[in-house]
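Raw input_39.txt, compact mmCIF, C-alpha atoms:
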# COMPACT_ATOMS: atom_id res chain seq x y z
CA MET P 1 -85.70 -4.03 -4.68
CA LYS P 2 -85.58 -6.56 -1.87
CA LYS P 3 -82.32 -8.10 -3.10
CA ILE P 4 -80.70 -4.70 -3.46
CA PHE P 5 -81.74 -3.70 0.04
CA ILE P 6 -80.18 -6.85 1.54
CA ALA P 7 -76.90 -6.24 -0.34
CA VAL P 8 -76.72 -2.69 0.98
CA LEU P 9 -77.22 -3.92 4.53
CA ALA P 10 -74.40 -6.47 4.12
CA VAL P 11 -71.96 -3.82 2.84
CA ALA P 12 -72.91 -1.49 5.64
CA ALA P 13 -72.30 -4.20 8.23
CA LEU P 14 -68.87 -5.05 6.80
CA ALA P 15 -67.85 -1.41 6.67
CA SER P 16 -68.90 -0.94 10.28
CA CYS P 17 -66.79 -3.93 11.40
CA SER P 18 -63.64 -2.73 9.61
CA LYS P 19 -63.87 0.71 11.14
CA GLU P 20 -64.67 -0.19 14.72
CA GLU P 21 -62.66 -3.37 15.46
CA ALA P 22 -58.86 -3.67 15.86
CA ILE P 23 -56.63 -6.63 16.62
CA ASN P 24 -53.88 -5.99 19.16
CA VAL P 25 -50.72 -8.13 19.15
CA ASN P 26 -48.55 -8.20 22.25
CA GLN P 27 -45.01 -7.72 21.00
CA GLY P 28 -43.50 -8.59 24.39
CA GLU P 29 -39.94 -7.64 25.16
CA ALA P 30 -37.51 -6.54 22.46
CA ILE P 31 -34.43 -8.69 21.87
CA SER P 32 -31.28 -6.90 22.95
CA PHE P 33 -27.57 -7.63 23.25
CA GLU P 34 -25.60 -6.70 26.31
CA ASN P 35 -21.93 -5.78 26.52
CA ALA P 36 -19.85 -8.49 24.90
CA PHE P 37 -16.96 -10.24 26.64
CA VAL P 38 -13.87 -11.23 24.64
CA GLU P 39 -11.67 -14.08 25.84
CA ASN P 40 -7.85 -14.14 25.90
CA ALA P 41 -6.95 -10.77 24.42
CA THR P 42 -3.30 -10.04 25.14
CA ARG P 43 -2.16 -7.25 22.84
CA ALA P 44 -3.43 -3.80 22.05
CA THR P 45 -4.15 -4.60 18.40
CA ASP P 46 -6.39 -7.55 19.31
CA LEU P 47 -10.13 -7.12 19.49
CA THR P 48 -10.92 -6.90 23.21
CA THR P 49 -13.87 -6.37 25.53
CA THR P 50 -12.83 -2.71 25.67
CA ASN P 51 -12.22 -1.87 22.02
CA LEU P 52 -14.82 -4.06 20.27
CA GLN P 53 -17.05 -1.59 18.41
CA ASP P 54 -19.38 -3.71 16.27
CA PHE P 55 -20.26 -7.23 15.15
CA GLY P 56 -22.70 -8.97 12.84
CA VAL P 57 -25.49 -11.14 14.25
CA TYR P 58 -27.36 -14.02 12.65
CA GLY P 59 -30.39 -15.15 14.64
CA THR P 60 -32.99 -17.84 14.06
CA VAL P 61 -36.29 -18.46 15.86
CA ALA P 62 -38.03 -21.87 15.67
CA LYS P 63 -41.51 -22.83 16.87
CA GLY P 64 -44.08 -25.41 15.88
CA GLY P 65 -41.86 -26.96 13.24
CA ASN P 66 -41.23 -23.65 11.50
CA SER P 67 -38.16 -21.43 11.67
CA ALA P 68 -37.29 -17.93 10.53
CA LEU P 69 -34.05 -15.97 10.13
CA ILE P 70 -34.79 -12.76 12.03
CA PHE P 71 -31.21 -11.45 12.18
CA ASN P 72 -29.23 -11.71 8.93
CA ASN P 73 -25.84 -10.08 9.48
CA THR P 74 -27.54 -7.35 11.48
CA LYS P 75 -25.01 -4.74 12.58
CA VAL P 76 -24.80 -4.46 16.36
CA TYR P 77 -22.77 -1.43 17.33
CA LYS P 78 -21.50 0.22 20.47
CA SER P 79 -23.40 3.29 21.62
CA GLY P 80 -22.01 4.70 24.84
CA ASN P 81 -21.64 1.74 27.18
CA ALA P 82 -24.28 -0.40 25.45
CA PHE P 83 -24.69 -2.33 22.19
CA LYS P 84 -27.62 -1.46 19.90
CA TYR P 85 -29.10 -2.31 16.52
CA ASP P 86 -31.53 -0.33 14.42
CA VAL P 87 -34.75 -2.33 13.77
CA ALA P 88 -36.13 -4.07 16.86
CA GLN P 89 -37.02 -7.76 16.89
CA TYR P 90 -39.21 -9.21 19.67
CA TRP P 91 -39.16 -12.39 21.71
CA VAL P 92 -41.83 -15.01 21.04
CA ALA P 93 -43.03 -17.23 23.89
CA ALA P 94 -42.11 -20.94 23.95
CA ALA P 95 -39.68 -20.65 21.03
CA ASP P 96 -36.11 -21.80 20.40
CA TYR P 97 -33.50 -19.20 19.44
CA THR P 98 -29.94 -19.44 18.18
CA PHE P 99 -27.61 -16.48 17.73
CA THR P 100 -24.25 -16.46 15.95
CA ALA P 101 -22.12 -13.33 16.15
CA VAL P 102 -18.94 -12.56 14.23
CA ALA P 103 -16.65 -9.54 14.65
CA PRO P 104 -15.65 -7.15 13.32
CA PHE P 105 -18.57 -5.91 11.24
CA THR P 106 -16.81 -2.86 9.80
CA ASN P 107 -14.24 -3.76 7.14
CA ALA P 108 -14.95 -7.46 7.65
CA LYS P 109 -13.04 -9.96 5.52
CA TRP P 110 -15.30 -12.84 6.59
CA THR P 111 -18.67 -14.04 5.30
CA TYR P 112 -21.22 -16.30 6.93
CA ALA P 113 -23.86 -18.49 5.25
CA PRO P 114 -26.68 -19.10 7.76
CA GLU P 115 -28.32 -21.74 5.60
CA THR P 116 -25.22 -23.96 5.92
CA THR P 117 -23.86 -22.40 9.16
CA THR P 118 -20.51 -21.97 7.42
CA LEU P 119 -18.04 -19.16 8.13
CA SER P 120 -15.55 -18.24 5.38
CA PHE P 121 -12.46 -16.06 5.74
CA ASN P 122 -9.92 -14.75 3.25
CA ASN P 123 -6.62 -13.91 4.93
CA GLU P 124 -5.07 -12.62 1.71
CA THR P 125 -7.73 -9.91 1.55
CA ALA P 126 -7.25 -9.24 5.25
CA VAL P 127 -3.47 -8.91 4.70
CA ALA P 128 -3.07 -11.14 7.79
CA GLU P 129 -3.90 -8.13 9.96
CA GLN P 130 -7.53 -8.75 10.97
CA ASP P 131 -8.45 -10.40 14.24
CA VAL P 132 -11.72 -12.38 13.96
CA LEU P 133 -14.08 -13.22 16.84
CA LEU P 134 -16.92 -15.72 17.07
CA ALA P 135 -19.72 -16.19 19.60
CA TYR P 136 -22.78 -18.44 19.80
CA VAL P 137 -25.81 -18.42 22.13
CA ALA P 138 -28.85 -20.73 22.24
CA LYS P 139 -31.95 -19.81 24.23
CA THR P 140 -35.50 -21.13 24.75
CA THR P 141 -38.16 -18.72 25.95
CA GLU P 142 -40.78 -19.58 28.57
CA ASP P 143 -44.49 -20.06 27.91
CA VAL P 144 -45.10 -16.63 29.39
CA LEU P 145 -42.73 -13.79 28.55
CA THR P 146 -41.53 -11.62 31.40
CA ALA P 147 -38.74 -9.09 31.83
CA GLU P 148 -36.82 -11.73 33.79
CA ASN P 149 -36.84 -14.43 31.11
CA THR P 150 -36.18 -12.07 28.19
CA GLN P 151 -32.90 -10.67 29.44
CA PRO P 152 -30.34 -9.37 26.88
CA VAL P 153 -28.33 -11.95 24.95
CA ALA P 154 -24.82 -12.10 26.40
CA PHE P 155 -22.07 -12.98 23.93
CA THR P 156 -18.70 -14.40 24.98
CA PHE P 157 -16.43 -14.05 21.95
CA LYS P 158 -13.41 -16.21 21.22
CA HIS P 159 -10.53 -15.59 18.84
CA ILE P 160 -10.64 -18.06 15.94
CA LEU P 161 -7.33 -17.17 14.26
CA SER P 162 -3.80 -17.89 15.43
CA LYS P 163 -1.60 -14.97 16.37
CA VAL P 164 2.06 -15.39 15.48
CA ALA P 165 5.01 -13.19 16.41
CA PHE P 166 8.79 -13.47 16.28
CA LYS P 167 11.51 -12.41 18.66
CA PHE P 168 15.17 -12.03 17.66
CA GLN P 169 17.96 -11.57 20.18
CA ASN P 170 21.54 -10.50 19.64
CA ALA P 171 23.43 -12.82 21.97
CA PHE P 172 26.94 -11.68 21.02
CA ALA P 173 28.82 -10.53 24.08
CA ASP P 174 31.73 -8.74 22.40
CA GLY P 175 30.06 -5.34 22.42
CA ASN P 176 31.00 -4.84 18.80
CA THR P 177 28.59 -7.04 16.81
CA THR P 178 25.23 -5.86 15.50
CA LEU P 179 22.58 -7.76 13.53
CA ASP P 180 20.29 -6.43 10.83
CA VAL P 181 17.13 -8.61 10.55
CA TYR P 182 14.79 -8.33 7.56
CA ASN P 183 12.44 -10.21 5.23
CA VAL P 184 10.78 -12.09 8.08
CA LYS P 185 7.91 -14.18 6.75
CA ILE P 186 5.96 -17.43 6.86
CA ASN P 187 5.64 -18.63 3.30
CA ASN P 188 2.92 -21.28 3.39
CA THR P 189 0.10 -20.18 5.64
CA ALA P 190 -3.47 -20.77 4.44
CA LYS P 191 -4.82 -18.16 2.05
CA SER P 192 -8.47 -18.91 2.88
CA GLY P 193 -10.55 -21.18 5.06
CA THR P 194 -14.05 -22.26 6.01
CA MET P 195 -15.40 -23.32 9.39
CA LEU P 196 -18.65 -25.11 10.15
CA ILE P 197 -20.42 -23.58 13.16
CA ASP P 198 -22.16 -26.60 14.69
CA ASN P 199 -24.24 -25.42 17.65
CA GLY P 200 -21.35 -23.24 18.74
CA ALA P 201 -18.88 -26.12 19.01
CA ASP P 202 -15.31 -25.58 17.89
CA GLN P 203 -14.71 -26.94 14.41
CA ALA P 204 -11.42 -27.21 12.55
CA TRP P 205 -10.77 -24.85 9.67
CA VAL P 206 -10.83 -26.37 6.20
CA VAL P 207 -8.10 -24.42 4.42
CA ALA P 208 -7.02 -23.83 0.85
CA ASP P 209 -3.99 -22.46 -1.04
CA ASP P 210 -0.81 -20.85 0.27
CA LEU P 211 -0.14 -17.34 1.48
CA ALA P 212 3.22 -15.77 2.34
CA VAL P 213 2.82 -13.54 5.39
CA PRO P 214 5.46 -10.85 6.03
CA PHE P 215 5.91 -9.79 9.62
CA GLY P 216 6.04 -6.09 10.27
CA LYS P 217 7.19 -3.19 8.14
CA ALA P 218 10.23 -2.66 10.34
CA ALA P 219 11.31 -6.26 9.89
CA ALA P 220 10.90 -6.01 6.14
CA ASP P 221 13.02 -2.85 6.00
CA GLY P 222 15.65 -4.15 8.38
CA VAL P 223 16.21 -3.37 12.06
CA VAL P 224 19.61 -3.31 13.71
CA ILE P 225 19.88 -5.19 17.00
CA ASP P 226 22.76 -4.15 19.21
CA ASN P 227 24.54 -6.46 21.63
CA GLY P 228 22.18 -7.97 24.20
CA GLU P 229 19.10 -6.36 22.67
CA THR P 230 15.90 -8.09 21.56
CA LEU P 231 13.74 -7.29 18.54
CA ASN P 232 10.04 -8.09 18.90
CA VAL P 233 8.52 -8.29 15.44
CA ALA P 234 4.90 -7.13 15.17
CA HIS P 235 2.52 -10.06 15.12
CA GLN P 236 0.19 -11.18 12.35
CA TYR P 237 -2.90 -13.40 12.22
CA ILE P 238 -3.03 -16.70 10.34
CA ILE P 239 -5.69 -19.36 9.86
CA PRO P 240 -4.91 -22.36 12.11
CA ALA P 241 -3.99 -25.41 10.05
CA SER P 242 -2.02 -28.63 10.37
CA ARG P 243 0.95 -27.61 8.26
CA GLU P 244 4.73 -27.63 8.46
CA TYR P 245 5.36 -23.93 8.11
CA ASP P 246 8.24 -22.57 6.05
CA ILE P 247 9.69 -19.65 8.04
CA THR P 248 12.39 -17.52 6.43
CA PHE P 249 14.32 -14.37 7.32
CA ASP P 250 17.62 -12.69 6.49
CA VAL P 251 20.28 -11.50 8.92
CA ASP P 252 23.23 -9.24 8.11
CA LEU P 253 26.11 -9.39 10.58
CA TYR P 254 28.14 -6.24 11.24
CA GLN P 255 31.29 -5.74 13.27
CA ALA P 256 32.57 -2.23 13.88
CA ASP P 257 29.81 -1.08 11.51
CA VAL P 258 31.27 -3.17 8.69
CA LYS P 259 29.03 -5.76 7.04
CA LEU P 260 30.80 -9.09 7.16
CA ALA P 261 28.18 -11.69 6.25
CA THR P 262 24.56 -12.37 5.34
CA TYR P 263 22.68 -15.39 6.67
Hey, can you dump this file as structure tokens for me?
Amino acid sequence: MKKIFIAVLAVAALASCSKEEAINVNQGEAISFENAFVENATRATDLTTTNLQDFGVYGTVAKGGNSALIFNNTKVYKSGNAFKYDVAQYWVAAADYTFTAVAPFTNAKWTYAPETTTLSFNNETAVAEQDVLLAYVAKTTEDVLTAENTQPVAFTFKHILSKVAFKFQNAFADGNTTLDVYNVKINNTAKSGTMLIDNGADQAWVVADDLAVPFGKAAADGVVIDNGETLNVAHQYIIPASREYDITFDVDLYQADVKLATY
């Protein structure tokens, strides 16, 4: 009976502890992302500070020799004048953070491997029409978290593809010669490429295979340029590479609306 009585007391004590005691963890300030700035956007079809709607974020926290991936292609999207994401993550004191952001998130033709910090892009799948942005931020939190030292992460995005466009001008001065330009293309751009993201530093693309890039539906169908007029062919995006590009196009020459030659 004595042993049973002691066991009952022990169970009662444990039950009392589990019901009455709670451990509170201070989550601190939530990690947030403020409005993103995009460098060097010059045309309406580029991703810009104004029209950027979403991007994917990869974020790592390191402390005490351990690290964790807390953002793994988390969608950050525009809501009103601010950027938001759905499941909050919180700052940890005295920790090192790195954030890599790539845009766009919707209909993205890029992939990112956080374990190797390698970005991959397929321009054939993108049909040479997708602008791609990259941003990187590193931050170390203080020993004591405050609203001042846990401000939103500010991304400054840069364009990582080359934008190429063509301009054709009819320089005939006779008032009677028109040009029909069509089949404008670069025949040996890179089909795909990978880029190592090394602490946010610019790295050269490592490219593979060839891709012929046509420039603009109008240019493919043919556009007549009258005397003194200029045709601006819609631009496309290509992966930067050290290549001698093979650029081709066809021109039909008309005089008095009669086709005389093709070049």
Point-to-point distance in Å for CA of Ala234 (chain P) and CA of Leu253 (chain P):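 Between these atoms lies a distance of 21.8 Å.
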Top pick for closest residue to Val207 (chain P), considering P:Val127, P:Leu134, P:Ala88, P:Leu119 and counting all atoms listed in the file: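 Answer, going by the shortest atom-to-atom distance: P:Leu119.
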Distance of CA of Tyr237 (chain P) from CA of Asn170 (chain P), expressed in Å to one decimal place: 25.7 Å
Nearest candidate to His235 (chain P) (options P:Asn72, P:Gln169, P:Asn199, P:Gln130; using all atoms listed in the file): P:Gln130
As AutoDock Vina command-line options, please: the centre and edge lengths in Å, to one decimal, of an axis-aligned box enclosing every listed atom of region 94-113 of chain P with 8 Å added on each side.
--center_x -27.6 --center_y -12.3 --center_z 14.6 --size_x 45.1 --size_y 34.9 --size_z 34.7
Given all atoms listed in the file as the counted atoms, nearest of P:Gly175, P:Gly64, P:Pro214, P:Gly193 to Gln255 (chain P): P:Gly175
CA of Glu34 (chain P) to CA of Ala138 (chain P), straight-line distance in Å: 15.0 Å
